[in-house]
$ cat upload02.tsv   # TSV, C-alpha atoms
chain	number	residue	atom	x	y	z
A	7	MET	CA	-18.92	26.06	3.54
A	8	LEU	CA	-16.81	27.39	6.30
A	9	PHE	CA	-15.50	24.03	7.45
A	10	PRO	CA	-15.45	21.63	4.56
A	11	GLU	CA	-15.92	17.95	5.12
A	12	PRO	CA	-12.72	15.93	5.37
A	13	ASP	CA	-11.63	14.53	2.07
A	14	ARG	CA	-12.45	10.88	2.40
A	15	GLN	CA	-11.34	10.12	-1.12
A	16	SER	CA	-7.66	10.22	-0.27
A	17	LYS	CA	-6.10	6.85	0.26
A	18	SER	CA	-3.03	5.91	2.17
A	19	PHE	CA	-0.03	4.40	0.51
A	20	GLY	CA	0.65	1.57	2.88
A	21	SER	CA	2.98	-0.28	0.56
A	22	ARG	CA	5.14	2.73	-0.03
A	23	SER	CA	6.42	2.91	3.50
A	24	ARG	CA	9.94	3.97	2.68
A	25	THR	CA	11.15	6.51	5.17
A	26	LYS	CA	14.53	8.09	4.97
A	27	ILE	CA	16.17	9.91	7.82
A	28	HIS	CA	19.54	11.43	7.42
A	29	ARG	CA	21.45	13.94	9.37
A	30	ASP	CA	23.90	16.45	8.10
A	31	ILE	CA	26.31	18.08	10.47
A	32	HIS	CA	28.41	20.74	8.86
A	33	ALA	CA	31.93	19.49	8.59
A	34	ARG	CA	33.60	22.82	9.30
A	35	ASN	CA	32.33	22.69	12.86
A	36	THR	CA	33.84	19.31	13.55
A	37	PRO	CA	37.33	19.63	12.13
A	38	ASN	CA	39.01	17.07	14.35
A	39	ARG	CA	36.50	14.31	14.11
A	40	THR	CA	36.48	11.44	11.76
A	41	ALA	CA	33.18	10.11	10.54
A	42	GLY	CA	33.55	7.13	12.85
A	43	ASN	CA	34.02	8.66	16.24
A	44	SER	CA	31.81	11.68	15.63
A	45	GLU	CA	28.92	9.27	15.43
A	46	GLY	CA	29.56	8.16	18.97
A	47	SER	CA	29.98	11.57	20.53
A	48	ARG	CA	26.95	12.86	18.66
A	49	ALA	CA	24.79	10.14	20.08
A	50	MET	CA	26.10	10.88	23.53
A	51	HIS	CA	24.94	14.51	23.47
A	52	GLU	CA	21.77	14.09	21.49
A	53	ASP	CA	19.58	13.21	24.41
A	54	ASN	CA	21.15	15.71	26.69
A	55	PRO	CA	19.11	18.91	26.57
A	56	ALA	CA	21.23	20.33	29.34
A	57	GLY	CA	24.29	20.51	27.16
A	58	PRO	CA	23.17	21.81	23.76
A	59	ASP	CA	26.02	24.31	23.64
A	60	ARG	CA	28.49	21.49	23.32
A	61	LEU	CA	26.94	20.42	20.05
A	62	PRO	CA	28.33	21.81	16.83
A	63	ARG	CA	26.17	24.45	15.13
A	64	PRO	CA	24.50	24.93	12.80
A	65	ARG	CA	22.89	21.55	12.55
A	66	THR	CA	20.40	20.28	10.07
A	67	VAL	CA	18.13	17.26	10.25
A	68	VAL	CA	16.30	16.17	7.12
A	69	LEU	CA	13.39	13.73	7.11
A	70	SER	CA	11.66	12.60	3.95
A	71	ILE	CA	8.31	10.85	4.22
A	72	PRO	CA	6.02	9.28	1.66
A	73	ALA	CA	2.89	11.30	0.95
A	74	ASP	CA	0.89	9.33	3.48
A	75	ARG	CA	-1.01	10.85	6.38
A	76	GLU	CA	0.07	8.05	8.68
A	77	GLN	CA	3.70	9.09	8.27
A	78	VAL	CA	3.19	12.50	9.82
A	79	VAL	CA	3.64	10.96	13.28
A	80	LEU	CA	7.30	10.58	12.35
A	81	VAL	CA	7.64	14.29	11.64
A	82	ARG	CA	5.91	15.17	14.90
A	83	SER	CA	8.22	12.80	16.73
A	84	VAL	CA	11.38	14.29	15.23
A	85	ALA	CA	10.11	17.81	15.95
A	86	GLY	CA	9.44	16.84	19.56
A	87	HIS	CA	12.90	15.40	20.06
A	88	ILE	CA	14.60	18.39	18.49
A	89	ALA	CA	12.54	20.76	20.63
A	90	ALA	CA	13.47	18.80	23.75
A	91	ARG	CA	17.14	18.85	22.83
A	92	LEU	CA	16.95	22.59	22.30
A	93	GLY	CA	15.57	22.90	25.80
A	94	LEU	CA	12.19	24.31	24.77
A	95	SER	CA	9.43	24.44	27.33
A	96	VAL	CA	6.74	21.77	27.19
A	97	ALA	CA	4.30	24.35	25.80
A	98	ASP	CA	6.71	25.35	23.02
A	99	LEU	CA	7.53	21.73	22.27
A	100	THR	CA	3.84	20.94	21.95
A	101	ASP	CA	3.33	23.95	19.70
A	102	LEU	CA	6.21	22.91	17.45
A	103	ARG	CA	4.82	19.39	17.05
A	104	LEU	CA	1.47	20.89	16.13
A	105	ALA	CA	3.06	23.37	13.71
A	106	VAL	CA	4.93	20.71	11.73
A	107	ASP	CA	1.79	18.57	11.68
A	108	GLU	CA	-0.19	21.45	10.18
A	109	ALA	CA	2.59	22.23	7.72
A	110	CYS	CA	2.64	18.64	6.47
A	111	GLY	CA	-1.15	18.60	6.42
A	112	LEU	CA	-1.16	21.53	4.04
A	113	PHE	CA	0.50	19.29	1.48
A	114	LEU	CA	-1.02	15.94	2.37
A	115	LEU	CA	-4.61	17.18	2.47
A	116	ALA	CA	-4.36	18.88	-0.91
A	117	PRO	CA	-6.46	16.92	-3.42
A	118	GLY	CA	-4.32	14.68	-5.57
A	119	PHE	CA	-1.11	15.29	-3.70
A	120	GLY	CA	1.06	12.19	-3.50
A	121	VAL	CA	-0.54	10.20	-6.29
A	122	SER	CA	2.72	10.31	-8.22
A	123	GLY	CA	4.70	9.05	-5.25
A	124	GLU	CA	6.07	12.41	-4.19
A	125	LEU	CA	8.12	12.55	-1.03
A	126	LEU	CA	7.55	15.29	1.49
A	127	GLU	CA	10.82	16.67	2.77
A	128	CYS	CA	11.01	18.20	6.24
A	129	ARG	CA	14.20	20.05	7.02
A	130	PHE	CA	14.97	21.18	10.57
A	131	GLU	CA	17.72	23.78	10.72
A	132	GLU	CA	18.90	24.82	14.13
A	133	GLN	CA	20.33	28.30	14.31
A	134	PRO	CA	21.65	29.91	17.49
A	135	ALA	CA	18.50	31.97	17.98
A	136	SER	CA	15.92	30.18	15.91
A	137	LEU	CA	14.70	26.91	14.52
A	138	THR	CA	13.69	26.88	10.88
A	139	VAL	CA	11.49	24.07	9.59
A	140	THR	CA	11.14	23.83	5.84
A	141	VAL	CA	8.55	21.49	4.36
A	142	SER	CA	8.81	21.05	0.63
A	143	ALA	CA	7.63	18.81	-2.16
A	144	PRO	CA	7.34	18.79	-5.92
A	145	ALA	CA	4.70	21.43	-6.60
A	146	ALA	CA	1.38	19.78	-7.09
A	147	THR	CA	-1.01	22.00	-8.98
A	148	SER	CA	-3.51	21.98	-6.16
A	149	VAL	CA	-1.20	22.68	-3.23
A	150	GLU	CA	-1.73	26.19	-2.05
A	151	PRO	CA	-2.54	27.57	1.37
A	152	ASP	CA	-6.03	28.83	2.02
A	153	VAL	CA	-5.53	31.68	4.45
A	154	ASP	CA	-9.09	31.31	5.75
A	155	ASP	CA	-8.59	27.66	6.61
A	156	ILE	CA	-8.29	26.85	10.32
A	157	GLY	CA	-5.08	24.92	9.64
A	158	TRP	CA	-3.41	28.01	8.22
A	159	ILE	CA	-4.84	30.21	10.98
A	160	MET	CA	-3.40	27.88	13.60
A	161	LEU	CA	-0.07	27.67	11.82
A	162	SER	CA	0.18	31.46	11.70
A	163	ALA	CA	-0.42	31.63	15.43
A	164	LEU	CA	2.06	28.87	16.25
A	165	VAL	CA	5.23	30.19	14.66
A	166	ASP	CA	7.06	33.50	14.46
A	167	GLU	CA	7.50	33.54	10.69
A	168	LEU	CA	5.58	31.73	8.00
A	169	THR	CA	6.47	31.75	4.31
A	170	TRP	CA	4.89	29.99	1.37
A	171	LYS	CA	6.74	29.78	-1.92
A	172	ALA	CA	6.17	27.85	-5.12
A	173	GLU	CA	8.84	28.08	-7.77
A	174	HIS	CA	10.87	25.81	-10.02
A	175	ASP	CA	8.21	23.13	-9.60
A	176	VAL	CA	8.83	22.93	-5.87
A	177	ALA	CA	6.42	24.17	-3.23
A	178	THR	CA	8.05	25.22	0.02
A	179	LEU	CA	6.57	26.16	3.36
A	180	THR	CA	8.99	27.69	5.83
A	181	LEU	CA	8.32	28.07	9.53
A	182	VAL	CA	10.62	29.96	11.84
A	183	LYS	CA	10.40	29.62	15.59
A	184	HIS	CA	12.48	32.06	17.59
A	185	LEU	CA	14.29	30.43	20.47
A	186	THR	CA	14.18	32.07	23.83
A	187	VAL	CA	16.02	31.05	26.95
A	188	ARG	CA	13.73	29.26	29.29
A	189	SER	CA	13.29	31.37	32.39
A	190	SER	CA	12.05	28.72	34.80
B	19	MET	CA	-27.11	-6.41	11.50
B	20	THR	CA	-25.69	-4.16	8.91
B	21	GLY	CA	-22.08	-5.21	9.15
B	22	ASN	CA	-21.40	-4.24	5.59
B	23	THR	CA	-23.01	-0.85	5.85
B	24	GLU	CA	-21.12	1.71	3.87
B	25	ALA	CA	-19.96	4.04	6.59
B	26	GLY	CA	-20.17	7.75	6.09
B	27	THR	CA	-23.12	7.77	3.72
B	28	GLY	CA	-25.18	9.82	6.10
B	29	ARG	CA	-28.10	7.42	6.17
B	30	PRO	CA	-30.30	8.65	9.01
B	31	ASP	CA	-31.66	5.16	9.67
B	32	LEU	CA	-28.27	3.92	10.87
B	33	ALA	CA	-29.01	5.15	14.35
B	34	VAL	CA	-32.05	2.88	14.47
B	35	ASP	CA	-29.86	-0.15	13.85
B	36	ARG	CA	-27.58	0.68	16.71
B	37	PRO	CA	-27.79	-1.84	19.57
B	38	SER	CA	-29.53	-0.22	22.49
B	39	GLU	CA	-27.71	-2.05	25.24
B	40	THR	CA	-24.14	-1.26	24.29
B	41	ALA	CA	-22.11	-0.75	27.44
B	42	ALA	CA	-20.54	2.65	27.81
B	43	GLY	CA	-16.97	2.64	26.60
B	44	GLN	CA	-17.38	-0.59	24.72
B	45	GLN	CA	-15.27	-0.69	21.61
B	46	TYR	CA	-16.71	-1.46	18.23
B	47	SER	CA	-14.75	-4.25	16.69
B	48	GLY	CA	-16.76	-4.22	13.52
B	49	GLN	CA	-18.63	-7.36	14.54
B	50	GLN	CA	-20.62	-6.45	17.61
B	51	GLY	CA	-21.79	-3.02	16.50
B	52	SER	CA	-23.96	-2.02	13.60
B	53	ILE	CA	-21.27	0.10	12.02
B	54	SER	CA	-18.18	-1.50	10.65
B	55	TYR	CA	-15.27	0.27	9.13
B	56	ASP	CA	-12.86	-2.65	9.16
B	57	HIS	CA	-13.43	-3.33	5.50
B	58	GLU	CA	-12.25	0.15	4.64
B	59	TYR	CA	-9.02	-0.15	6.52
B	60	LYS	CA	-7.88	-3.60	5.54
B	61	GLY	CA	-4.23	-3.67	4.71
B	62	ILE	CA	-3.38	-0.95	7.21
B	63	ALA	CA	-2.17	-2.14	10.57
B	64	PRO	CA	-4.54	-1.28	13.41
B	65	MET	CA	-3.29	1.86	15.03
B	66	ASP	CA	-2.90	1.76	18.77
B	67	ARG	CA	-2.38	5.48	18.80
B	68	PHE	CA	-6.06	6.12	18.15
B	69	ALA	CA	-9.25	4.49	19.35
B	70	VAL	CA	-12.88	5.49	19.16
B	71	SER	CA	-15.80	3.75	20.83
B	72	VAL	CA	-19.49	4.49	21.17
B	73	GLY	CA	-21.56	3.91	24.28
B	74	ASP	CA	-25.33	4.15	24.41
B	75	SER	CA	-26.53	5.96	27.52
B	76	GLY	CA	-30.19	5.51	26.68
B	77	GLN	CA	-32.89	8.00	25.70
B	78	GLY	CA	-31.08	8.95	22.54
B	79	ARG	CA	-27.90	9.89	24.33
B	80	TYR	CA	-24.54	8.58	23.16
B	81	VAL	CA	-21.05	8.94	24.55
B	82	VAL	CA	-18.32	8.76	21.93
B	83	THR	CA	-14.99	8.15	23.61
B	84	VAL	CA	-11.86	9.13	21.72
B	85	ARG	CA	-8.41	8.14	22.93
B	86	GLY	CA	-5.04	9.01	21.54
B	87	GLU	CA	-4.11	11.17	18.59
B	88	LEU	CA	-6.92	12.77	16.62
B	89	ASP	CA	-5.08	14.02	13.56
B	90	LEU	CA	-5.21	14.09	9.78
B	91	ALA	CA	-4.75	10.32	9.59
B	92	THR	CA	-7.38	9.37	12.16
B	93	SER	CA	-10.06	12.08	12.06
B	94	ASP	CA	-12.03	10.40	9.26
B	95	ARG	CA	-12.51	7.40	11.51
B	96	LEU	CA	-14.13	9.59	14.13
B	97	TRP	CA	-16.49	11.14	11.59
B	98	ILE	CA	-17.57	7.68	10.44
B	99	GLU	CA	-18.66	6.95	14.01
B	100	LEU	CA	-20.15	10.36	14.74
B	101	GLU	CA	-22.16	11.02	11.64
B	102	PRO	CA	-24.87	8.35	12.03
B	103	LEU	CA	-25.41	9.33	15.66
B	104	LEU	CA	-26.26	12.94	14.88
B	105	ALA	CA	-29.90	12.29	14.17
B	106	PRO	CA	-32.68	14.63	15.37
B	107	GLN	CA	-33.35	14.58	19.13
B	108	THR	CA	-30.10	12.84	20.03
B	109	VAL	CA	-27.47	14.06	22.43
B	110	VAL	CA	-23.94	13.14	21.40
B	111	VAL	CA	-21.22	13.67	23.99
B	112	LEU	CA	-17.67	13.43	22.79
B	113	ASP	CA	-15.51	12.31	25.69
B	114	GLY	CA	-12.13	13.56	24.58
B	115	THR	CA	-10.44	13.65	27.96
B	116	GLU	CA	-7.91	11.09	26.70
B	117	ILE	CA	-7.11	12.85	23.44
B	118	SER	CA	-3.35	13.31	23.52
B	119	PHE	CA	-2.99	15.22	20.27
B	120	LEU	CA	-5.42	17.26	18.21
B	121	ASP	CA	-4.80	19.12	14.97
B	122	SER	CA	-6.97	21.11	12.57
B	123	SER	CA	-8.17	17.95	10.83
B	124	GLY	CA	-9.51	16.65	14.12
B	125	LEU	CA	-10.98	20.02	15.00
B	126	ARG	CA	-12.70	20.16	11.62
B	127	VAL	CA	-14.52	16.94	12.43
B	128	LEU	CA	-15.63	18.34	15.80
B	129	LEU	CA	-16.91	21.51	14.15
B	130	GLN	CA	-18.56	19.53	11.42
B	131	ALA	CA	-20.33	17.38	14.01
B	132	ASN	CA	-21.43	20.54	15.74
B	133	ASN	CA	-22.76	22.01	12.48
B	134	ARG	CA	-24.60	18.81	11.68
B	135	ALA	CA	-26.12	18.74	15.16
B	136	THR	CA	-27.15	22.38	15.02
B	137	SER	CA	-28.82	22.07	11.64
B	138	GLY	CA	-30.41	18.71	12.39
B	139	GLY	CA	-31.90	19.19	15.81
B	140	ALA	CA	-29.30	17.21	17.74
B	141	GLU	CA	-26.96	18.25	20.54
B	142	PHE	CA	-23.19	17.84	20.32
B	143	ARG	CA	-21.13	18.45	23.43
B	144	LEU	CA	-17.40	18.18	23.96
B	145	VAL	CA	-15.67	17.12	27.16
B	146	ALA	CA	-11.95	17.79	26.84
B	147	PRO	CA	-10.58	20.24	29.38
B	148	GLN	CA	-6.95	19.29	28.82
B	149	GLN	CA	-4.35	21.48	27.17
B	150	ALA	CA	-3.90	19.35	24.05
B	151	VAL	CA	-7.45	20.21	23.02
B	152	GLN	CA	-7.94	23.62	24.61
B	153	ARG	CA	-4.80	24.98	22.97
B	154	VAL	CA	-6.11	24.07	19.54
B	155	LEU	CA	-9.52	25.64	20.21
B	156	GLU	CA	-7.74	28.78	21.32
B	157	LEU	CA	-5.38	28.89	18.32
B	158	ALA	CA	-8.17	28.35	15.82
B	159	GLY	CA	-10.46	30.82	17.59
B	160	THR	CA	-13.29	28.32	17.38
B	161	GLY	CA	-13.88	27.64	21.07
B	162	ASP	CA	-17.16	29.57	21.08
B	163	HIS	CA	-18.59	27.43	18.32
B	164	LEU	CA	-18.51	24.28	20.42
B	165	GLN	CA	-20.51	23.42	23.50
B	166	THR	CA	-18.05	22.24	26.11
B	167	ARG	CA	-18.58	20.67	29.51
B	168	ASP	CA	-16.16	19.71	32.25
B	169	THR	CA	-17.42	16.17	32.76
B	170	VAL	CA	-19.32	13.54	30.81
B	171	ASP	CA	-22.05	13.48	33.45
B	172	GLU	CA	-22.59	17.20	33.07
B	173	ALA	CA	-22.65	16.87	29.30
B	174	LEU	CA	-25.26	14.13	29.43
B	175	THR	CA	-27.59	16.04	31.70
B	176	GLY	CA	-27.52	19.28	29.83
$ encode --input "upload02.tsv" --output "structure tokens"
Amino acid sequence: MLFPEPDRQSKSFGSRSRTKIHRDIHARNTPNRTAGNSEGSRAMHEDNPAGPDRLPRPRTVVLSIPADREQVVLVRSVAGHIAARLGLSVADLTDLRLAVDEACGLFLLAPGFGVSGELLECRFEEQPASLTVTVSAPAATSVEPDVDDIGWIMLSALVDELTWKAEHDVATLTLVKHLTVRSS
Amino acid sequence: MTGNTEAGTGRPDLAVDRPSETAAGQQYSGQQGSISYDHEYKGIAPMDRFAVSVGDSGQGRYVVTVRGELDLATSDRLWIELEPLLAPQTVVVLDGTEISFLDSSGLRVLLQANNRATSGGAEFRLVAPQQAVQRVLELAGTGDHLQTRDTVDEALTG
């Protein structure tokens, strides 16, 4: 069947609602800041898309979510805020939110994924000319992209580079979005 | 009524149980309609970010209104509402003008509804001209598979 029925067997894990967000700014780019005051100046610039150049680079944001479809809204939200801060156009921001949603869906819709309480890790790495989003999880036997699936087709069209890798018991999906200066 | 009906079983007689005077846009709470899915979602907080309601427009025509985010967490709930409506001779219009986010899981349900309609002698029409939906149809290359209309009135008349 070209478009299989949604898997209604999968259940959410409402009780396992642990969500961990942590941010890692490379120390070498902030030599004169102590942990205390860097927190304040970071917060000040975070919501200021107009001044991204003042932020230290490279920067990495890591979000781990339980293997629960309801949690994907958090990943979309983080992706949207990062895109806004990078000054992406509304169209690119929307595409990025959709891309991370599809990337997470690849794992979360795989039969049996999450039954052992796996966490799905989403890593956003901002580079000067690109944004790399890496979604990874302990390799479930059944997680593998189906290149004929509409989710994968959409994902391929949404990002500039797309890589799937499964090794050392970890499955990793890497998306790269090239950043262009907004012309308007 | 059949408040404890197991949703999603594909029983064709479900459409017969549907109240005929349901106001358009009225929301199923699980008590007033014939199809309840509350029992399946107990323990999960009701999600404001997604709502689906079914309105009966008479003569076997139904308007299914979807608001909010139709994604991998919510698309099953749409299918539960859509499936029993897609009986022979019915026209099902999906009013998705207030869909704010759509992903491949949501699109799969729309395509599945379309397939079911095509094979079962029903009509399934989509009203969702906004970018959030059109972008996904374009990316997936599936726009031609779905019948789309600009307005609900157009979709109901043909």
$ atom_distance --input "upload02.tsv" --atom1 "CA of Phe119 in chain A" --atom2 "CA of Val141 in chain A"
14.0 Å
$ atom_distance --input "upload02.tsv" --atom1 "CA of Gly124 in chain B" --atom2 "CA of Asp94 in chain B"
8.3 Å
$ interface_residues --input "upload02.tsv" --of "chain A" --to "chain B" --cutoff "6 Å" --atoms "only C-alpha atoms" --output "VMD selection string"
chain A and resid 75 to 76 156 to 157 160
$ residues_around --input "upload02.tsv" --residues "Arg134 in chain B" --least-positions-apart "6" --cutoff "9 Å" --atoms "only C-alpha atoms" --output "PDB file with C-alpha atoms, in the coordinates of the input"
ATOM      1  CA  GLU B 101     -22.160  11.020  11.640  1.00  0.00           C
ATOM      2  CA  LEU B 104     -26.260  12.940  14.880  1.00  0.00           C
ATOM      3  CA  ALA B 105     -29.900  12.290  14.170  1.00  0.00           C
ATOM      4  CA  ALA B 140     -29.300  17.210  17.740  1.00  0.00           C
ATOM      5  CA  PHE B 142     -23.190  17.840  20.320  1.00  0.00           C
TER       6      PHE B 142
END
$ residues_near_point --input "upload02.tsv" --point "(8.4, 29.6, 10.5)" --cutoff "8 Å" --atoms "only C-alpha atoms" --output "list in words"
Leu137, Thr138, Val139, Thr140, Val165, Asp166, Glu167, Leu168, Thr169, Thr180, Leu181, Val182 and Lys183 of chain A
$ atom_distance --input "upload02.tsv" --atom1 "CA of Asp168 in chain B" --atom2 "CA of Gln77 in chain B"
21.4 Å
$ residues_around --input "upload02.tsv" --residues "range 148-152 of chain A" --least-positions-apart "3" --cutoff "10 Å" --atoms "all atoms listed in the file" --output "PDB file with C-alpha atoms, in the coordinates of the input"
ATOM      1  CA  ALA A 109       2.590  22.230   7.720  1.00  0.00           C
ATOM      2  CA  LEU A 112      -1.160  21.530   4.040  1.00  0.00           C
ATOM      3  CA  PHE A 113       0.500  19.290   1.480  1.00  0.00           C
ATOM      4  CA  LEU A 114      -1.020  15.940   2.370  1.00  0.00           C
ATOM      5  CA  LEU A 115      -4.610  17.180   2.470  1.00  0.00           C
ATOM      6  CA  ALA A 116      -4.360  18.880  -0.910  1.00  0.00           C
ATOM      7  CA  PRO A 117      -6.460  16.920  -3.420  1.00  0.00           C
ATOM      8  CA  GLY A 118      -4.320  14.680  -5.570  1.00  0.00           C
ATOM      9  CA  PHE A 119      -1.110  15.290  -3.700  1.00  0.00           C
ATOM     10  CA  ALA A 143       7.630  18.810  -2.160  1.00  0.00           C
ATOM     11  CA  PRO A 144       7.340  18.790  -5.920  1.00  0.00           C
ATOM     12  CA  ALA A 145       4.700  21.430  -6.600  1.00  0.00           C
ATOM     13  CA  ASP A 155      -8.590  27.660   6.610  1.00  0.00           C
ATOM     14  CA  ILE A 156      -8.290  26.850  10.320  1.00  0.00           C
ATOM     15  CA  GLY A 157      -5.080  24.920   9.640  1.00  0.00           C
ATOM     16  CA  TRP A 158      -3.410  28.010   8.220  1.00  0.00           C
ATOM     17  CA  ILE A 159      -4.840  30.210  10.980  1.00  0.00           C
ATOM     18  CA  TRP A 170       4.890  29.990   1.370  1.00  0.00           C
ATOM     19  CA  LYS A 171       6.740  29.780  -1.920  1.00  0.00           C
ATOM     20  CA  ALA A 172       6.170  27.850  -5.120  1.00  0.00           C
ATOM     21  CA  ALA A 177       6.420  24.170  -3.230  1.00  0.00           C
ATOM     22  CA  LEU A 179       6.570  26.160   3.360  1.00  0.00           C
TER      23      LEU A 179
END
$ residues_around --input "upload02.tsv" --residues "Arg85 in chain B" --least-positions-apart "3" --cutoff "9 Å" --atoms "only C-alpha atoms" --output "MDAnalysis selection string"
chainID B and resid 67:71 88 113:118
$ write_last_selection --input "upload02.tsv" --atoms "C-alpha atoms" --output "JSON list (two decimals), in the coordinates of the input"
[["chain", "number", "residue", "atom", "x", "y", "z"],
["B", 67, "ARG", "CA", -2.38, 5.48, 18.80],
["B", 68, "PHE", "CA", -6.06, 6.12, 18.15],
["B", 69, "ALA", "CA", -9.25, 4.49, 19.35],
["B", 70, "VAL", "CA", -12.88, 5.49, 19.16],
["B", 71, "SER", "CA", -15.80, 3.75, 20.83],
["B", 88, "LEU", "CA", -6.92, 12.77, 16.62],
["B", 113, "ASP", "CA", -15.51, 12.31, 25.69],
["B", 114, "GLY", "CA", -12.13, 13.56, 24.58],
["B", 115, "THR", "CA", -10.44, 13.65, 27.96],
["B", 116, "GLU", "CA", -7.91, 11.09, 26.70],
["B", 117, "ILE", "CA", -7.11, 12.85, 23.44],
["B", 118, "SER", "CA", -3.35, 13.31, 23.52]]
$ residues_around --input "upload02.tsv" --residues "Tyr80 in chain B" --least-positions-apart "5" --cutoff "10 Å" --atoms "all atoms listed in the file" --output "list in words"
Thr40, Ala42, Val72, Gly73, Asp74, Ser75, Leu100, Leu103, Leu104, Thr108, Val109, Val110, Val111, Leu112, Phe142 and Leu174 of chain B
$ closest_residue --input "upload02.tsv" --among "A:Asp98, A:Ala135, A:Ala105, A:Gly111" --to "Asp74 in chain A" --atoms "all atoms listed in the file"
A:Gly111
$ closest_residue --input "upload02.tsv" --among "A:Cys110, A:Arg91, A:Leu102, A:Val153" --to "Gln77 in chain A" --atoms "all atoms listed in the file"
A:Cys110
$ closest_residue --input "upload02.tsv" --among "A:Ser95, A:Cys128, A:Ala89, A:Val121" --to "Val67 in chain A" --atoms "only C-alpha atoms"
A:Cys128
$ closest_residue --input "upload02.tsv" --among "A:Glu124, A:Glu131, A:Glu173, A:Asp101" --to "Pro72 in chain A" --atoms "all atoms listed in the file"
A:Glu124
